[in-house]
>>> print(open('query_30.cif').read())   # mmCIF, C-alpha atoms and all ligand atoms
data_upload
loop_
_atom_site.group_PDB
_atom_site.id
_atom_site.type_symbol
_atom_site.label_atom_id
_atom_site.label_comp_id
_atom_site.auth_asym_id
_atom_site.auth_seq_id
_atom_site.Cartn_x
_atom_site.Cartn_y
_atom_site.Cartn_z
ATOM 1 C CA MET M 30 -20.053 -11.543 8.288
ATOM 2 C CA ARG M 31 -20.895 -9.188 5.401
ATOM 3 C CA ASP M 32 -19.405 -9.375 1.930
ATOM 4 C CA TYR M 33 -17.229 -6.267 1.587
ATOM 5 C CA HIS M 34 -16.929 -6.328 -2.194
ATOM 6 C CA THR M 35 -19.184 -8.036 -4.658
ATOM 7 C CA HIS M 36 -21.064 -7.426 -7.893
ATOM 8 C CA HIS M 37 -23.870 -9.876 -7.049
ATOM 9 C CA PRO M 38 -26.451 -9.888 -4.239
ATOM 10 C CA ASN M 39 -25.177 -11.986 -1.312
ATOM 11 C CA PRO M 40 -27.609 -13.396 1.309
ATOM 12 C CA SER M 41 -25.040 -12.432 3.971
ATOM 13 C CA GLY M 42 -25.473 -8.755 2.970
ATOM 14 C CA GLY M 43 -22.653 -6.383 2.091
ATOM 15 C CA TYR M 44 -21.520 -3.863 -0.493
ATOM 16 C CA ILE M 45 -22.577 -4.358 -4.100
ATOM 17 C CA CYS M 46 -20.481 -2.326 -6.556
ATOM 18 C CA SER M 47 -21.592 -1.250 -10.005
ATOM 19 C CA VAL M 48 -19.237 -1.788 -12.936
ATOM 20 C CA THR M 49 -20.809 0.486 -15.584
ATOM 21 C CA ARG M 50 -23.283 3.368 -15.539
ATOM 22 C CA ALA M 51 -25.974 1.001 -16.870
ATOM 23 C CA ASP M 52 -25.477 -1.123 -13.742
ATOM 24 C CA TRP M 53 -26.699 1.536 -11.284
ATOM 25 C CA PRO M 54 -30.449 0.726 -11.251
ATOM 26 C CA ARG M 55 -29.739 -3.004 -10.709
ATOM 27 C CA VAL M 56 -27.348 -2.295 -7.857
ATOM 28 C CA ALA M 57 -29.731 0.241 -6.267
ATOM 29 C CA GLU M 58 -32.385 -2.449 -5.991
ATOM 30 C CA ALA M 59 -30.275 -5.326 -4.656
ATOM 31 C CA ASP M 60 -32.016 -6.609 -1.520
ATOM 32 C CA GLY M 61 -30.158 -6.287 1.771
ATOM 33 C CA MET M 62 -27.074 -4.776 0.137
ATOM 34 C CA THR M 63 -25.441 -1.342 0.332
ATOM 35 C CA PRO M 64 -25.343 -0.108 -3.284
ATOM 36 C CA CYS M 65 -22.180 1.556 -4.606
ATOM 37 C CA PHE M 66 -22.435 3.790 -7.674
ATOM 38 C CA GLY M 67 -19.452 4.250 -9.942
ATOM 39 C CA VAL M 68 -17.702 3.159 -13.102
ATOM 40 C CA HIS M 69 -14.952 0.540 -12.950
ATOM 41 C CA PRO M 70 -11.524 1.663 -14.269
ATOM 42 C CA TRP M 71 -11.816 -0.963 -17.038
ATOM 43 C CA HIS M 72 -14.687 1.105 -18.458
ATOM 44 C CA ALA M 73 -13.272 4.580 -17.781
ATOM 45 C CA HIS M 74 -12.653 5.295 -21.473
ATOM 46 C CA GLU M 75 -16.349 4.703 -22.321
ATOM 47 C CA VAL M 76 -17.591 7.547 -20.124
ATOM 48 C CA ASP M 77 -18.333 11.253 -20.584
ATOM 49 C CA VAL M 78 -16.674 12.472 -17.382
ATOM 50 C CA ALA M 79 -18.699 15.700 -16.969
ATOM 51 C CA GLU M 80 -21.982 13.884 -17.472
ATOM 52 C CA LEU M 81 -20.989 11.143 -15.067
ATOM 53 C CA ALA M 82 -20.002 13.670 -12.386
ATOM 54 C CA PHE M 83 -23.451 15.248 -12.638
ATOM 55 C CA GLU M 84 -25.286 11.902 -12.524
ATOM 56 C CA LEU M 85 -23.223 10.559 -9.639
ATOM 57 C CA ASP M 86 -24.111 13.607 -7.530
ATOM 58 C CA ASP M 87 -27.770 13.153 -8.398
ATOM 59 C CA TRP M 88 -27.821 9.421 -7.534
ATOM 60 C CA LEU M 89 -26.026 9.982 -4.231
ATOM 61 C CA VAL M 90 -28.529 12.676 -3.230
ATOM 62 C CA ARG M 91 -31.425 10.340 -4.063
ATOM 63 C CA ASN M 92 -29.795 7.348 -2.291
ATOM 64 C CA PRO M 93 -28.546 8.599 1.075
ATOM 65 C CA GLY M 94 -27.482 5.087 2.152
ATOM 66 C CA ALA M 95 -25.331 4.433 -0.938
ATOM 67 C CA ASP M 96 -21.545 4.464 -1.268
ATOM 68 C CA VAL M 97 -19.278 5.248 -4.247
ATOM 69 C CA GLY M 98 -17.566 2.626 -6.425
ATOM 70 C CA GLU M 99 -16.194 0.736 -7.999
ATOM 71 C CA THR M 100 -13.464 3.094 -9.085
ATOM 72 C CA GLY M 101 -9.668 3.140 -8.903
ATOM 73 C CA LEU M 102 -6.651 2.581 -11.120
ATOM 74 C CA ASP M 103 -5.568 -0.413 -13.175
ATOM 75 C CA ALA M 104 -2.053 -0.180 -14.624
ATOM 76 C CA SER M 105 -1.877 -3.788 -15.844
ATOM 77 C CA ASP M 106 -0.753 -4.311 -19.467
ATOM 78 C CA ARG M 107 -4.324 -4.684 -20.590
ATOM 79 C CA HIS M 108 -5.591 -1.386 -19.156
ATOM 80 C CA ARG M 109 -2.516 0.842 -18.910
ATOM 81 C CA GLU M 110 -3.324 2.825 -22.041
ATOM 82 C CA THR M 111 -6.508 4.273 -20.504
ATOM 83 C CA LEU M 112 -4.754 5.424 -17.290
ATOM 84 C CA GLU M 113 -5.258 9.110 -18.089
ATOM 85 C CA GLN M 114 -9.067 8.639 -18.317
ATOM 86 C CA GLN M 115 -8.963 6.373 -15.245
ATOM 87 C CA ARG M 116 -7.287 9.149 -13.200
ATOM 88 C CA LEU M 117 -9.847 11.752 -14.306
ATOM 89 C CA LEU M 118 -12.720 9.476 -13.393
ATOM 90 C CA LEU M 119 -11.116 8.499 -10.085
ATOM 91 C CA HIS M 120 -11.037 12.180 -9.070
ATOM 92 C CA VAL M 121 -14.735 12.536 -9.961
ATOM 93 C CA HIS M 122 -15.542 9.595 -7.645
ATOM 94 C CA LEU M 123 -13.283 10.803 -4.816
ATOM 95 C CA GLY M 124 -14.767 14.304 -5.003
ATOM 96 C CA ALA M 125 -18.342 13.008 -4.933
ATOM 97 C CA ALA M 126 -17.611 10.637 -2.023
ATOM 98 C CA PHE M 127 -16.029 13.484 -0.056
ATOM 99 C CA ARG M 128 -18.844 16.001 -0.716
ATOM 100 C CA HIS M 129 -21.575 13.480 0.149
ATOM 101 C CA ASP M 130 -19.642 11.885 3.036
ATOM 102 C CA ARG M 131 -19.660 8.354 1.585
ATOM 103 C CA CYS M 132 -17.035 5.621 1.534
ATOM 104 C CA VAL M 133 -15.319 5.073 -1.830
ATOM 105 C CA HIS M 134 -14.591 1.468 -2.877
ATOM 106 C CA LEU M 135 -11.265 1.260 -4.713
ATOM 107 C CA HIS M 136 -9.642 -1.129 -7.186
ATOM 108 C CA GLY M 137 -5.861 -0.918 -7.564
ATOM 109 C CA VAL M 138 -4.042 -3.293 -9.884
ATOM 110 C CA HIS M 139 -0.317 -2.533 -10.240
ATOM 111 C CA ALA M 140 -1.249 0.916 -8.984
ATOM 112 C CA TRP M 141 -1.337 0.901 -5.151
ATOM 113 C CA ALA M 142 1.624 3.292 -4.879
ATOM 114 C CA GLU M 143 0.064 5.861 -7.222
ATOM 115 C CA LEU M 144 -3.294 5.518 -5.468
ATOM 116 C CA LEU M 145 -1.568 6.101 -2.139
ATOM 117 C CA SER M 146 0.030 9.334 -3.323
ATOM 118 C CA ILE M 147 -3.279 10.608 -4.768
ATOM 119 C CA LEU M 148 -5.032 9.862 -1.460
ATOM 120 C CA GLN M 149 -2.218 11.373 0.630
ATOM 121 C CA GLU M 150 -2.456 14.566 -1.427
ATOM 122 C CA ARG M 151 -6.206 14.695 -0.729
ATOM 123 C CA ALA M 152 -5.562 14.127 2.975
ATOM 124 C CA ARG M 153 -3.187 17.139 2.921
ATOM 125 C CA CYS M 154 -5.954 19.249 1.344
ATOM 126 C CA ASN M 155 -8.608 17.896 3.739
ATOM 127 C CA THR M 156 -10.654 16.445 0.860
ATOM 128 C CA LEU M 157 -10.143 12.748 1.548
ATOM 129 C CA PRO M 158 -13.330 10.618 1.795
ATOM 130 C CA ARG M 159 -13.506 7.337 3.697
ATOM 131 C CA ILE M 160 -11.683 4.677 1.659
ATOM 132 C CA HIS M 161 -12.014 0.935 1.187
ATOM 133 C CA LEU M 162 -9.436 -1.010 -0.854
ATOM 134 C CA HIS M 163 -10.682 -4.240 -2.406
ATOM 135 C CA ALA M 164 -8.595 -7.283 -3.427
ATOM 136 C CA TRP M 165 -5.820 -5.843 -1.295
ATOM 137 C CA ASN M 166 -2.496 -7.506 -2.163
ATOM 138 C CA GLY M 167 0.098 -4.903 -1.212
ATOM 139 C CA SER M 168 2.922 -5.238 1.292
ATOM 140 C CA HIS M 169 2.374 -4.618 4.997
ATOM 141 C CA GLU M 170 4.495 -1.470 4.691
ATOM 142 C CA LEU M 171 2.084 -0.101 2.079
ATOM 143 C CA ALA M 172 -0.899 -1.227 4.193
ATOM 144 C CA ARG M 173 0.514 0.740 7.123
ATOM 145 C CA GLN M 174 0.450 3.940 5.049
ATOM 146 C CA PHE M 175 -3.117 3.343 3.868
ATOM 147 C CA LEU M 176 -4.136 2.538 7.465
ATOM 148 C CA ALA M 177 -2.793 5.950 8.481
ATOM 149 C CA LEU M 178 -5.351 7.436 6.050
ATOM 150 C CA GLY M 179 -8.147 5.465 7.774
ATOM 151 C CA ALA M 180 -8.469 2.798 5.059
ATOM 152 C CA THR M 181 -10.247 -0.524 5.382
ATOM 153 C CA PHE M 182 -9.371 -3.521 3.177
ATOM 154 C CA SER M 183 -11.028 -6.633 1.808
ATOM 155 C CA VAL M 184 -9.602 -9.853 0.428
ATOM 156 C CA GLY M 185 -11.095 -12.727 -1.535
ATOM 157 C CA LEU M 186 -10.144 -16.297 -2.269
ATOM 158 C CA ARG M 187 -7.356 -15.303 -4.692
ATOM 159 C CA GLU M 188 -5.654 -13.133 -2.034
ATOM 160 C CA LEU M 189 -6.287 -15.551 0.858
ATOM 161 C CA THR M 190 -4.739 -18.511 -0.961
ATOM 162 C CA HIS M 191 -1.609 -16.565 -1.972
ATOM 163 C CA SER M 192 1.637 -17.872 -0.450
ATOM 164 C CA ARG M 193 2.276 -14.441 1.169
ATOM 165 C CA ALA M 194 -1.237 -14.094 2.688
ATOM 166 C CA GLU M 195 -0.063 -14.515 6.282
ATOM 167 C CA GLU M 196 2.735 -11.958 5.941
ATOM 168 C CA ARG M 197 0.452 -9.450 4.149
ATOM 169 C CA TYR M 198 -2.682 -9.694 6.281
ATOM 170 C CA ALA M 199 -1.999 -11.047 9.767
ATOM 171 C CA ARG M 200 -0.840 -7.658 11.123
ATOM 172 C CA ILE M 201 -3.739 -5.589 9.774
ATOM 173 C CA PRO M 202 -5.715 -4.616 12.887
ATOM 174 C CA GLU M 203 -9.121 -6.019 13.790
ATOM 175 C CA GLY M 204 -11.946 -4.046 12.204
ATOM 176 C CA ARG M 205 -9.856 -2.977 9.209
ATOM 177 C CA LEU M 206 -9.721 -6.224 7.150
ATOM 178 C CA PHE M 207 -12.814 -7.986 5.755
ATOM 179 C CA PRO M 208 -13.715 -10.814 3.354
ATOM 180 C CA GLU M 209 -15.070 -10.310 -0.168
ATOM 181 C CA SER M 210 -16.491 -12.546 -2.901
ATOM 182 C CA ASP M 211 -15.947 -10.102 -5.832
ATOM 183 C CA ASP M 212 -17.084 -11.843 -9.021
ATOM 184 C CA SER M 213 -17.317 -15.369 -7.553
ATOM 185 C CA PRO M 214 -20.340 -15.683 -5.259
ATOM 186 C CA ALA M 215 -19.899 -19.477 -5.255
ATOM 187 C CA ASN M 216 -16.584 -19.006 -3.408
ATOM 188 C CA TRP M 217 -18.152 -17.137 -0.487
ATOM 189 C CA PRO M 218 -18.342 -20.023 2.062
ATOM 190 C CA ARG M 219 -14.726 -21.052 1.372
ATOM 191 C CA THR M 220 -13.572 -17.425 1.474
ATOM 192 C CA LEU M 221 -15.217 -16.953 4.888
ATOM 193 C CA ALA M 222 -13.658 -20.148 6.252
ATOM 194 C CA LEU M 223 -10.162 -19.162 5.088
ATOM 195 C CA PHE M 224 -10.610 -15.604 6.321
ATOM 196 C CA ARG M 225 -11.566 -16.826 9.817
ATOM 197 C CA LEU M 226 -8.598 -19.185 9.853
ATOM 198 C CA LEU M 227 -6.201 -16.373 8.972
ATOM 199 C CA ARG M 228 -7.641 -14.061 11.642
ATOM 200 C CA GLN M 229 -7.773 -16.699 14.415
ATOM 201 C CA GLY M 230 -4.341 -15.724 15.629
ATOM 202 C CA LEU M 231 -5.647 -12.283 16.680
HETATM 203 ZN ZN ZN M 301 -14.958 -5.652 -8.214
#
>>> encode(input="query_30.cif", output="structure tokens")
Amino acid sequence: MRDYHTHHPNPSGGYICSVTRADWPRVAEADGMTPCFGVHPWHAHEVDVAELAFELDDWLVRNPGADVGETGLDASDRHRETLEQQRLLLHVHLGAAFRHDRCVHLHGVHAWAELLSILQERARCNTLPRIHLHAWNGSHELARQFLALGATFSVGLRELTHSRAEERYARIPEGRLFPESDDSPANWPRTLALFRLLRQGL
């Protein structure tokens, strides 16, 4: 099974997300991986938004197999003060993904509800790209609303070992939930084993 969210090449293949603009060439060349171009919300305040919008378009045109990400919102104490820049940059990524018909890979820490309303608004305006939510840890009720927008999800070791994992993930339909290694490639075999265990009941 492929790794649905990582920042390092994985021999199993999968989606490798950039974190900063400087990361794009490295990600573009990762063997056997689908590259994702974007700027992580933790770095949103370091970016010239207009310039990034232009470059993202250019890189997507030159890499027809690439996706968009990592982007999203992080409202944790540490990153809350840059939320305004994060929102601006998120819209740049969502717009590019929609125009180029790519999937956008989203991060949402303490911000799933706001992300949902942004995506629902885009769905109303018919400008919603395909969406993938990584490190998904929301309730099943929230998952249901994202599923209605066509979302897929991925979970890593941290999510799979949470005491509420069963209640959160067991009812997400087949083909919509996938494993991820994120920043811990060494955890991949254990993540896969736990993921299969959780999904066995299907
Ligand atoms: Zn990530």
>>> resolve_selection(input="query_30.cif", expression="the PyMOL selection byres (((chain M and resi 169) around 8) and not hetatm)", output="list in words")
Gly167, Ser168, Glu170, Leu171, Ala172, Arg173, Glu196, Arg197, Tyr198, Arg200 and Ile201 of chain M
>>> write_last_selection(input="query_30.cif", atoms="C-alpha atoms", output="PDB file, in the frame of the given file")
ATOM      1  CA  GLY M 167       0.098  -4.903  -1.212  1.00  0.00           C
ATOM      2  CA  SER M 168       2.922  -5.238   1.292  1.00  0.00           C
ATOM      3  CA  GLU M 170       4.495  -1.470   4.691  1.00  0.00           C
ATOM      4  CA  LEU M 171       2.084  -0.101   2.079  1.00  0.00           C
ATOM      5  CA  ALA M 172      -0.899  -1.227   4.193  1.00  0.00           C
ATOM      6  CA  ARG M 173       0.514   0.740   7.123  1.00  0.00           C
ATOM      7  CA  GLU M 196       2.735 -11.958   5.941  1.00  0.00           C
ATOM      8  CA  ARG M 197       0.452  -9.450   4.149  1.00  0.00           C
ATOM      9  CA  TYR M 198      -2.682  -9.694   6.281  1.00  0.00           C
ATOM     10  CA  ARG M 200      -0.840  -7.658  11.123  1.00  0.00           C
ATOM     11  CA  ILE M 201      -3.739  -5.589   9.774  1.00  0.00           C
TER      12      ILE M 201
END
>>> residues_near_ligand(input="query_30.cif", ligand="ligand ZN 301 (chain M)", cutoff="8 Å", atoms="all atoms listed in the file", output="MDAnalysis selection string")
chainID M and resid 34:36 46 48 69 99 136 163 211:212
>>> residues_around(input="query_30.cif", residues="M:Glu143", least_positions_apart="3", cutoff="12 Å", atoms="all atoms listed in the file", output="PyMOL selection string")
chain M and resi 101-104+112+116+119+136-140+146-150+171+175
>>> write_last_selection(input="query_30.cif", atoms="C-alpha atoms", output="compact mmCIF listing (two decimals), in the frame of the given file")
# COMPACT_ATOMS: atom_id res chain seq x y z
CA GLY M 101 -9.67 3.14 -8.90
CA LEU M 102 -6.65 2.58 -11.12
CA ASP M 103 -5.57 -0.41 -13.18
CA ALA M 104 -2.05 -0.18 -14.62
CA LEU M 112 -4.75 5.42 -17.29
CA ARG M 116 -7.29 9.15 -13.20
CA LEU M 119 -11.12 8.50 -10.09
CA HIS M 136 -9.64 -1.13 -7.19
CA GLY M 137 -5.86 -0.92 -7.56
CA VAL M 138 -4.04 -3.29 -9.88
CA HIS M 139 -0.32 -2.53 -10.24
CA ALA M 140 -1.25 0.92 -8.98
CA SER M 146 0.03 9.33 -3.32
CA ILE M 147 -3.28 10.61 -4.77
CA LEU M 148 -5.03 9.86 -1.46
CA GLN M 149 -2.22 11.37 0.63
CA GLU M 150 -2.46 14.57 -1.43
CA LEU M 171 2.08 -0.10 2.08
CA PHE M 175 -3.12 3.34 3.87
>>> atom_distance(input="query_30.cif", atom1="atom CA of M:His129", atom2="atom CA of M:Tyr33")
20.3 Å
>>> resolve_selection(input="query_30.cif", expression="the PyMOL selection byres (((chain M and resi 74) around 8) and not hetatm)", output="ChimeraX atom specification")
/M:71-73,75-76,111,114-115
>>> axis_aligned_box(input="query_30.cif", around="stretch 79-89 of chain M", padding_each_side="6 Å", output="AutoDock Vina command-line options")
--center_x -23.3 --center_y 12.6 --center_z -10.9 --size_x 21.1 --size_y 18.3 --size_z 25.2
>>> closest_residue(input="query_30.cif", among="M:Pro40, M:Pro208, M:Pro93, M:Pro214", to="M:Pro64", atoms="all atoms listed in the file")
M:Pro93
>>> residues_near_point(input="query_30.cif", point="(-27.9, 8.7, -6.8)", cutoff="10 Å", atoms="only C-alpha atoms", output="PyMOL selection string")
chain M and resi 53-54+57+64-66+83-97
>>> closest_residue(input="query_30.cif", among="M:Val133, M:Glu195, M:Leu189, M:Gly204", to="M:Phe224", atoms="all atoms listed in the file")
M:Leu189
>>> residues_near_point(input="query_30.cif", point="(-7.2, -8.7, 4.6)", cutoff="6 Å", atoms="only C-alpha atoms", output="PyMOL selection string")
chain M and resi 182-184+198+206-207
>>> decode(input="query_30.cif", residues="stretch 78-178 of chain M", atoms="C-alpha atoms", output="PDB file, in the first residue's frame")
ATOM      1  CA  VAL M  78       1.817  35.226  -1.706  1.00  0.00           C
ATOM      2  CA  ALA M  79       1.636  36.771  -5.210  1.00  0.00           C
ATOM      3  CA  GLU M  80       5.016  35.364  -6.169  1.00  0.00           C
ATOM      4  CA  LEU M  81       4.131  31.949  -4.813  1.00  0.00           C
ATOM      5  CA  ALA M  82       0.842  31.889  -6.745  1.00  0.00           C
ATOM      6  CA  PHE M  83       2.748  32.563  -9.963  1.00  0.00           C
ATOM      7  CA  GLU M  84       5.411  29.920  -9.257  1.00  0.00           C
ATOM      8  CA  LEU M  85       2.900  27.281  -8.202  1.00  0.00           C
ATOM      9  CA  ASP M  86       1.037  27.673 -11.503  1.00  0.00           C
ATOM     10  CA  ASP M  87       4.307  27.384 -13.394  1.00  0.00           C
ATOM     11  CA  TRP M  88       5.450  24.236 -11.534  1.00  0.00           C
ATOM     12  CA  LEU M  89       2.080  22.536 -11.979  1.00  0.00           C
ATOM     13  CA  VAL M  90       2.134  23.220 -15.727  1.00  0.00           C
ATOM     14  CA  ARG M  91       5.649  21.763 -15.975  1.00  0.00           C
ATOM     15  CA  ASN M  92       4.777  18.740 -13.772  1.00  0.00           C
ATOM     16  CA  PRO M  93       1.462  17.370 -15.034  1.00  0.00           C
ATOM     17  CA  GLY M  94       1.604  14.401 -12.625  1.00  0.00           C
ATOM     18  CA  ALA M  95       2.104  16.540  -9.498  1.00  0.00           C
ATOM     19  CA  ASP M  96      -0.399  17.425  -6.779  1.00  0.00           C
ATOM     20  CA  VAL M  97      -0.658  20.473  -4.483  1.00  0.00           C
ATOM     21  CA  GLY M  98       0.479  20.554  -0.843  1.00  0.00           C
ATOM     22  CA  GLU M  99       1.204  20.639   1.877  1.00  0.00           C
ATOM     23  CA  THR M 100      -1.120  23.463   2.776  1.00  0.00           C
ATOM     24  CA  GLY M 101      -3.927  23.991   5.285  1.00  0.00           C
ATOM     25  CA  LEU M 102      -4.571  25.710   8.596  1.00  0.00           C
ATOM     26  CA  ASP M 103      -2.898  25.347  11.977  1.00  0.00           C
ATOM     27  CA  ALA M 104      -4.666  27.129  14.843  1.00  0.00           C
ATOM     28  CA  SER M 105      -2.562  25.601  17.631  1.00  0.00           C
ATOM     29  CA  ASP M 106      -1.091  28.041  20.189  1.00  0.00           C
ATOM     30  CA  ARG M 107       2.226  28.005  18.414  1.00  0.00           C
ATOM     31  CA  HIS M 108       0.904  28.989  14.977  1.00  0.00           C
ATOM     32  CA  ARG M 109      -2.360  30.825  15.650  1.00  0.00           C
ATOM     33  CA  GLU M 110      -0.872  34.281  15.172  1.00  0.00           C
ATOM     34  CA  THR M 111      -0.106  33.625  11.488  1.00  0.00           C
ATOM     35  CA  LEU M 112      -3.650  32.380  10.695  1.00  0.00           C
ATOM     36  CA  GLU M 113      -4.418  35.358   8.455  1.00  0.00           C
ATOM     37  CA  GLN M 114      -1.395  34.573   6.211  1.00  0.00           C
ATOM     38  CA  GLN M 115      -2.232  30.852   6.399  1.00  0.00           C
ATOM     39  CA  ARG M 116      -5.756  31.531   5.051  1.00  0.00           C
ATOM     40  CA  LEU M 117      -4.435  33.658   2.172  1.00  0.00           C
ATOM     41  CA  LEU M 118      -1.946  30.990   1.197  1.00  0.00           C
ATOM     42  CA  LEU M 119      -4.527  28.218   1.543  1.00  0.00           C
ATOM     43  CA  HIS M 120      -6.727  29.984  -1.029  1.00  0.00           C
ATOM     44  CA  VAL M 121      -3.764  30.252  -3.425  1.00  0.00           C
ATOM     45  CA  HIS M 122      -3.241  26.469  -3.150  1.00  0.00           C
ATOM     46  CA  LEU M 123      -6.949  25.622  -3.473  1.00  0.00           C
ATOM     47  CA  GLY M 124      -7.291  27.873  -6.524  1.00  0.00           C
ATOM     48  CA  ALA M 125      -4.249  26.356  -8.231  1.00  0.00           C
ATOM     49  CA  ALA M 126      -5.392  22.785  -7.483  1.00  0.00           C
ATOM     50  CA  PHE M 127      -8.837  23.552  -8.908  1.00  0.00           C
ATOM     51  CA  ARG M 128      -7.550  25.258 -12.090  1.00  0.00           C
ATOM     52  CA  HIS M 129      -5.030  22.483 -12.802  1.00  0.00           C
ATOM     53  CA  ASP M 130      -7.342  19.651 -11.685  1.00  0.00           C
ATOM     54  CA  ARG M 131      -5.002  18.310  -8.983  1.00  0.00           C
ATOM     55  CA  CYS M 132      -5.661  16.938  -5.512  1.00  0.00           C
ATOM     56  CA  VAL M 133      -4.744  19.271  -2.636  1.00  0.00           C
ATOM     57  CA  HIS M 134      -3.128  17.714   0.459  1.00  0.00           C
ATOM     58  CA  LEU M 135      -4.355  19.445   3.617  1.00  0.00           C
ATOM     59  CA  HIS M 136      -3.088  19.881   7.175  1.00  0.00           C
ATOM     60  CA  GLY M 137      -5.638  20.922   9.801  1.00  0.00           C
ATOM     61  CA  VAL M 138      -4.602  21.289  13.424  1.00  0.00           C
ATOM     62  CA  HIS M 139      -7.359  22.676  15.672  1.00  0.00           C
ATOM     63  CA  ALA M 140      -8.882  23.945  12.446  1.00  0.00           C
ATOM     64  CA  TRP M 141     -10.973  21.162  10.838  1.00  0.00           C
ATOM     65  CA  ALA M 142     -14.241  23.070  11.324  1.00  0.00           C
ATOM     66  CA  GLU M 143     -12.916  26.230   9.656  1.00  0.00           C
ATOM     67  CA  LEU M 144     -11.385  24.181   6.842  1.00  0.00           C
ATOM     68  CA  LEU M 145     -14.730  22.466   6.326  1.00  0.00           C
ATOM     69  CA  SER M 146     -16.573  25.764   5.959  1.00  0.00           C
ATOM     70  CA  ILE M 147     -13.965  27.114   3.504  1.00  0.00           C
ATOM     71  CA  LEU M 148     -14.271  23.941   1.404  1.00  0.00           C
ATOM     72  CA  GLN M 149     -18.084  23.923   1.580  1.00  0.00           C
ATOM     73  CA  GLU M 150     -18.121  27.517   0.331  1.00  0.00           C
ATOM     74  CA  ARG M 151     -15.918  26.481  -2.609  1.00  0.00           C
ATOM     75  CA  ALA M 152     -18.219  23.540  -3.328  1.00  0.00           C
ATOM     76  CA  ARG M 153     -21.155  26.004  -3.486  1.00  0.00           C
ATOM     77  CA  CYS M 154     -19.211  28.104  -6.018  1.00  0.00           C
ATOM     78  CA  ASN M 155     -18.106  25.029  -8.002  1.00  0.00           C
ATOM     79  CA  THR M 156     -14.418  25.782  -7.366  1.00  0.00           C
ATOM     80  CA  LEU M 157     -13.587  22.877  -5.069  1.00  0.00           C
ATOM     81  CA  PRO M 158     -10.562  20.734  -6.079  1.00  0.00           C
ATOM     82  CA  ARG M 159     -10.108  17.124  -4.998  1.00  0.00           C
ATOM     83  CA  ILE M 160      -9.112  17.097  -1.315  1.00  0.00           C
ATOM     84  CA  HIS M 161      -7.013  14.857   0.901  1.00  0.00           C
ATOM     85  CA  LEU M 162      -6.854  15.440   4.673  1.00  0.00           C
ATOM     86  CA  HIS M 163      -3.718  14.172   6.391  1.00  0.00           C
ATOM     87  CA  ALA M 164      -3.317  13.199  10.072  1.00  0.00           C
ATOM     88  CA  TRP M 165      -7.096  13.096  10.248  1.00  0.00           C
ATOM     89  CA  ASN M 166      -8.246  13.150  13.887  1.00  0.00           C
ATOM     90  CA  GLY M 167     -11.728  14.652  13.718  1.00  0.00           C
ATOM     91  CA  SER M 168     -14.992  13.092  14.844  1.00  0.00           C
ATOM     92  CA  HIS M 169     -16.958  10.754  12.590  1.00  0.00           C
ATOM     93  CA  GLU M 170     -19.630  13.450  12.277  1.00  0.00           C
ATOM     94  CA  LEU M 171     -17.038  15.853  10.857  1.00  0.00           C
ATOM     95  CA  ALA M 172     -15.640  13.078   8.625  1.00  0.00           C
ATOM     96  CA  ARG M 173     -19.131  12.532   7.222  1.00  0.00           C
ATOM     97  CA  GLN M 174     -19.285  16.172   6.095  1.00  0.00           C
ATOM     98  CA  PHE M 175     -15.842  16.027   4.481  1.00  0.00           C
ATOM     99  CA  LEU M 176     -16.805  12.728   2.804  1.00  0.00           C
ATOM    100  CA  ALA M 177     -19.785  14.522   1.261  1.00  0.00           C
ATOM    101  CA  LEU M 178     -17.242  16.849  -0.405  1.00  0.00           C
TER     102      LEU M 178
END
